[in-house]
>>> print(open('model.cif').read())   # mmCIF, C-alpha atoms
data_entry
#
loop_
_atom_site.group_PDB
_atom_site.id
_atom_site.type_symbol
_atom_site.label_atom_id
_atom_site.label_comp_id
_atom_site.auth_asym_id
_atom_site.auth_seq_id
_atom_site.Cartn_x
_atom_site.Cartn_y
_atom_site.Cartn_z
ATOM 1 C CA MET N 17 9.936 14.981 -3.465
ATOM 2 C CA SER N 18 10.906 16.309 -0.110
ATOM 3 C CA ALA N 19 9.034 16.261 3.141
ATOM 4 C CA ARG N 20 7.776 19.445 4.773
ATOM 5 C CA ILE N 21 10.145 19.966 7.696
ATOM 6 C CA PHE N 22 8.995 21.196 11.087
ATOM 7 C CA GLU N 23 11.923 22.055 13.369
ATOM 8 C CA ALA N 24 9.875 21.384 16.524
ATOM 9 C CA PRO N 25 6.481 19.840 17.294
ATOM 10 C CA MET N 26 5.006 23.217 18.310
ATOM 11 C CA GLU N 27 5.444 24.458 14.719
ATOM 12 C CA LEU N 28 2.639 22.115 13.709
ATOM 13 C CA LEU N 29 0.129 24.307 15.556
ATOM 14 C CA ALA N 30 0.581 27.179 13.104
ATOM 15 C CA ALA N 31 0.483 24.972 10.001
ATOM 16 C CA VAL N 32 -3.074 23.611 10.205
ATOM 17 C CA GLY N 33 -4.606 23.713 6.743
ATOM 18 C CA GLU N 34 -1.271 23.340 4.976
ATOM 19 C CA SER N 35 -0.998 20.818 2.127
ATOM 20 C CA PHE N 36 2.185 18.878 1.488
ATOM 21 C CA LYS N 37 3.955 17.910 -1.727
ATOM 22 C CA PRO N 38 2.995 14.445 -2.987
ATOM 23 C CA THR N 39 5.244 11.466 -2.360
ATOM 24 C CA GLY N 40 6.939 9.381 -4.986
ATOM 25 C CA TRP N 41 5.017 6.673 -6.795
ATOM 26 C CA VAL N 42 4.951 3.118 -5.419
ATOM 27 C CA ALA N 43 4.215 0.131 -7.653
ATOM 28 C CA ILE N 44 1.615 -2.330 -6.433
ATOM 29 C CA GLU N 45 2.753 -5.547 -8.077
ATOM 30 C CA GLN N 46 1.104 -8.944 -7.754
ATOM 31 C CA ASP N 47 4.004 -10.201 -5.603
ATOM 32 C CA ARG N 48 3.297 -7.517 -2.992
ATOM 33 C CA ILE N 49 -0.406 -8.394 -3.033
ATOM 34 C CA ASN N 50 0.381 -12.096 -2.578
ATOM 35 C CA LEU N 51 2.714 -11.358 0.353
ATOM 36 C CA PHE N 52 0.003 -9.284 2.015
ATOM 37 C CA ALA N 53 -2.505 -12.117 1.478
ATOM 38 C CA ARG N 54 -0.116 -14.525 3.198
ATOM 39 C CA ALA N 55 0.563 -12.119 6.072
ATOM 40 C CA THR N 56 -3.133 -11.516 6.746
ATOM 41 C CA ASP N 57 -4.641 -14.858 5.685
ATOM 42 C CA ASP N 58 -6.882 -13.014 3.219
ATOM 43 C CA HIS N 59 -6.707 -15.207 0.128
ATOM 44 C CA GLN N 60 -9.823 -14.008 -1.691
ATOM 45 C CA TRP N 61 -9.576 -14.763 -5.419
ATOM 46 C CA ILE N 62 -10.045 -11.124 -6.418
ATOM 47 C CA HIS N 63 -6.595 -10.487 -4.926
ATOM 48 C CA ILE N 64 -4.544 -13.602 -5.690
ATOM 49 C CA ASP N 65 -6.003 -15.425 -8.718
ATOM 50 C CA PRO N 66 -5.175 -13.460 -11.898
ATOM 51 C CA ALA N 67 -6.850 -16.005 -14.197
ATOM 52 C CA ARG N 68 -10.167 -15.912 -12.347
ATOM 53 C CA ALA N 69 -9.971 -12.164 -11.650
ATOM 54 C CA LYS N 70 -9.502 -11.444 -15.365
ATOM 55 C CA ASP N 71 -13.216 -12.212 -15.801
ATOM 56 C CA GLY N 72 -14.180 -10.490 -12.536
ATOM 57 C CA PRO N 73 -15.571 -7.007 -11.962
ATOM 58 C CA PHE N 74 -12.176 -5.233 -12.242
ATOM 59 C CA GLY N 75 -10.648 -7.119 -15.190
ATOM 60 C CA GLY N 76 -7.778 -8.372 -13.042
ATOM 61 C CA THR N 77 -6.585 -8.712 -9.499
ATOM 62 C CA ILE N 78 -6.768 -5.786 -7.106
ATOM 63 C CA ALA N 79 -4.839 -4.939 -3.965
ATOM 64 C CA HIS N 80 -6.426 -5.441 -0.572
ATOM 65 C CA GLY N 81 -7.796 -2.155 0.746
ATOM 66 C CA TYR N 82 -5.871 -2.670 3.961
ATOM 67 C CA LEU N 83 -2.642 -3.157 1.999
ATOM 68 C CA ILE N 84 -3.147 0.275 0.461
ATOM 69 C CA MET N 85 -4.037 1.770 3.842
ATOM 70 C CA SER N 86 -0.943 0.220 5.438
ATOM 71 C CA LEU N 87 1.273 1.991 2.904
ATOM 72 C CA VAL N 88 0.076 5.320 4.301
ATOM 73 C CA ASN N 89 2.639 4.723 7.067
ATOM 74 C CA ARG N 90 5.296 4.584 4.335
ATOM 75 C CA PHE N 91 4.070 7.879 2.891
ATOM 76 C CA LEU N 92 3.940 9.882 6.135
ATOM 77 C CA PRO N 93 7.719 10.469 6.463
ATOM 78 C CA GLU N 94 7.792 11.556 2.815
ATOM 79 C CA LEU N 95 5.049 14.103 3.562
ATOM 80 C CA ILE N 96 6.251 15.590 6.863
ATOM 81 C CA GLU N 97 9.313 15.435 9.075
ATOM 82 C CA VAL N 98 9.097 16.678 12.639
ATOM 83 C CA ARG N 99 12.484 17.390 14.186
ATOM 84 C CA GLY N 100 13.394 18.115 17.778
ATOM 85 C CA VAL N 101 11.431 15.159 19.089
ATOM 86 C CA SER N 102 12.297 12.532 21.650
ATOM 87 C CA MET N 103 9.754 10.272 19.965
ATOM 88 C CA GLY N 104 6.738 10.246 17.709
ATOM 89 C CA ILE N 105 3.990 7.662 18.039
ATOM 90 C CA ASN N 106 1.015 6.587 15.977
ATOM 91 C CA ILE N 107 -2.210 7.125 17.892
ATOM 92 C CA GLY N 108 -4.529 5.709 15.232
ATOM 93 C CA THR N 109 -6.712 6.690 12.340
ATOM 94 C CA ASP N 110 -10.117 8.197 11.724
ATOM 95 C CA ASN N 111 -12.433 8.425 8.753
ATOM 96 C CA LEU N 112 -10.911 5.714 6.566
ATOM 97 C CA ARG N 113 -12.658 5.391 3.219
ATOM 98 C CA PHE N 114 -11.796 3.098 0.301
ATOM 99 C CA LEU N 115 -12.924 4.893 -2.830
ATOM 100 C CA SER N 116 -11.395 3.071 -5.777
ATOM 101 C CA PRO N 117 -9.611 -0.272 -6.249
ATOM 102 C CA VAL N 118 -5.915 -0.466 -7.106
ATOM 103 C CA ARG N 119 -5.254 -2.998 -9.845
ATOM 104 C CA ALA N 120 -2.147 -5.145 -9.736
ATOM 105 C CA GLY N 121 0.566 -3.321 -11.640
ATOM 106 C CA GLY N 122 -0.829 0.091 -10.721
ATOM 107 C CA ARG N 123 1.068 2.849 -8.962
ATOM 108 C CA ILE N 124 -0.002 4.910 -5.977
ATOM 109 C CA ARG N 125 1.294 7.939 -4.091
ATOM 110 C CA GLY N 126 0.280 9.921 -1.036
ATOM 111 C CA LYS N 127 -0.834 13.523 -0.743
ATOM 112 C CA GLY N 128 -1.245 15.058 2.678
ATOM 113 C CA GLU N 129 -2.855 17.931 4.518
ATOM 114 C CA LEU N 130 -2.484 18.900 8.164
ATOM 115 C CA VAL N 131 -6.120 19.110 9.239
ATOM 116 C CA HIS N 132 -5.654 19.471 12.992
ATOM 117 C CA ALA N 133 -2.911 20.032 15.569
ATOM 118 C CA ALA N 134 -3.181 20.655 19.298
ATOM 119 C CA GLU N 135 -1.110 20.354 22.454
ATOM 120 C CA ALA N 136 -1.745 17.001 24.117
ATOM 121 C CA LYS N 137 -0.201 15.316 27.187
ATOM 122 C CA GLY N 138 3.324 16.687 26.934
ATOM 123 C CA GLY N 139 3.471 16.860 23.166
ATOM 124 C CA VAL N 140 1.617 17.876 20.041
ATOM 125 C CA GLN N 141 -1.022 15.686 18.449
ATOM 126 C CA ALA N 142 -1.433 16.127 14.714
ATOM 127 C CA VAL N 143 -3.969 14.813 12.226
ATOM 128 C CA VAL N 144 -2.662 14.450 8.704
ATOM 129 C CA ARG N 145 -5.265 13.545 6.094
ATOM 130 C CA VAL N 146 -3.601 11.302 3.547
ATOM 131 C CA THR N 147 -5.162 10.830 0.144
ATOM 132 C CA VAL N 148 -3.751 7.838 -1.730
ATOM 133 C CA GLU N 149 -3.880 8.642 -5.429
ATOM 134 C CA ILE N 150 -3.815 6.070 -8.215
ATOM 135 C CA GLU N 151 -1.772 7.044 -11.235
ATOM 136 C CA GLY N 152 -4.114 7.888 -14.125
ATOM 137 C CA ALA N 153 -7.308 7.541 -12.074
ATOM 138 C CA GLU N 154 -9.838 10.252 -11.287
ATOM 139 C CA LYS N 155 -10.739 8.941 -7.838
ATOM 140 C CA PRO N 156 -8.234 8.130 -5.090
ATOM 141 C CA ALA N 157 -7.777 4.645 -3.678
ATOM 142 C CA CYS N 158 -8.432 5.808 -0.148
ATOM 143 C CA VAL N 159 -8.502 8.751 2.200
ATOM 144 C CA VAL N 160 -7.597 8.429 5.874
ATOM 145 C CA ASP N 161 -6.958 10.797 8.769
ATOM 146 C CA THR N 162 -3.778 9.665 10.523
ATOM 147 C CA ILE N 163 -3.237 10.699 14.141
ATOM 148 C CA SER N 164 0.306 11.086 15.472
ATOM 149 C CA ARG N 165 1.737 12.497 18.678
ATOM 150 C CA PHE N 166 5.147 14.150 18.778
ATOM 151 C CA TYR N 167 7.034 14.616 22.050
ATOM 152 C CA PRO N 168 9.682 17.353 22.148
ATOM 153 C CA GLU N 169 13.233 16.641 23.186
ATOM 154 C CA ASN N 170 13.887 17.409 26.842
#
>>> encode(input="model.cif", output="structure tokens")
Amino acid sequence: MSARIFEAPMELLAAVGESFKPTGWVAIEQDRINLFARATDDHQWIHIDPARAKDGPFGGTIAHGYLIMSLVNRFLPELIEVRGVSMGINIGTDNLRFLSPVRAGGRIRGKGELVHAAEAKGGVQAVVRVTVEIEGAEKPACVVDTISRFYPEN
């Protein structure tokens, strides 16, 4: 897996509509879920109690949706690399949807598409739609439009 390389932010403008190779798989183990629960104070049993969750709606514990969404930031540099920048910043997200739960022990990866790019305040703002796939599942875990701004080197 190798990121799609853009030699300068302005190259993003001509690439709208382009899809990127998927990232590598990432395991979502119970330890990671428990750490996220501690970090966010979200200790709902469906995430952290395997014994109780075994009889729950998913047959086991599932990852927090926001844990899965937070891993999109891990996937972005595996999807695209923008060179010739003084800095790149996260602006935010749009259109976040959780579509399918990720069970503990499952694996996920990111797929991306550049859905928008435009010049903005001294740089280029790009929207990459990231689809988080679950290995062996028909529906993705989530889909989110990430918004980044890339400032060219002076």
>>> residues_around(input="model.cif", residues="stretch 114-126 of chain N", least_positions_apart="6", cutoff="10 Å", atoms="all atoms listed in the file", output="ChimeraX atom specification")
/N:36-49,63-64,66,74-82,84-85,87-92,94-95,145-160
>>> resolve_selection(input="model.cif", expression="the PyMOL selection byres ((chain N and resi 109) around 9)", output="list of chain:residue names")
N:Asn106, N:Ile107, N:Gly108, N:Asp110, N:Asn111, N:Leu112, N:Val143, N:Val160, N:Asp161, N:Thr162, N:Ile163, N:Ser164
>>> axis_aligned_box(input="model.cif", around="stretch 97-104 of chain N", padding_each_side="8 Å", output="AutoDock Vina command-line options")
--center_x 10.1 --center_y 14.2 --center_z 15.4 --size_x 22.7 --size_y 23.9 --size_z 28.6
>>> atom_distance(input="model.cif", atom1="atom CA of N:Glu97", atom2="atom CA of N:Ser18")
9.4 Å
>>> closest_residue(input="model.cif", among="N:Asn50, N:Ile96, N:Pro168, N:Gln60", to="N:Glu129", atoms="only C-alpha atoms")
N:Ile96
>>> resolve_selection(input="model.cif", expression="the PyMOL selection byres ((chain N and resi 138-140) around 6)", output="list in words")
Pro25, Ala134, Glu135, Ala136, Lys137, Gln141, Arg165, Phe166 and Tyr167 of chain N
>>> atom_distance(input="model.cif", atom1="atom CA of N:Thr56", atom2="atom CA of N:Arg113")
19.7 Å
>>> residues_around(input="model.cif", residues="N:Glu23", least_positions_apart="4", cutoff="10 Å", atoms="all atoms listed in the file", output="JSON, numbers by chain")
{"N": [27, 28, 97, 98, 99, 100, 101]}
>>> write_last_selection(input="model.cif", atoms="C-alpha atoms", output="compact mmCIF listing (two decimals), keeping the file's coordinate frame")
# COMPACT_ATOMS: atom_id res chain seq x y z
CA GLU N 27 5.44 24.46 14.72
CA LEU N 28 2.64 22.12 13.71
CA GLU N 97 9.31 15.44 9.07
CA VAL N 98 9.10 16.68 12.64
CA ARG N 99 12.48 17.39 14.19
CA GLY N 100 13.39 18.11 17.78
CA VAL N 101 11.43 15.16 19.09
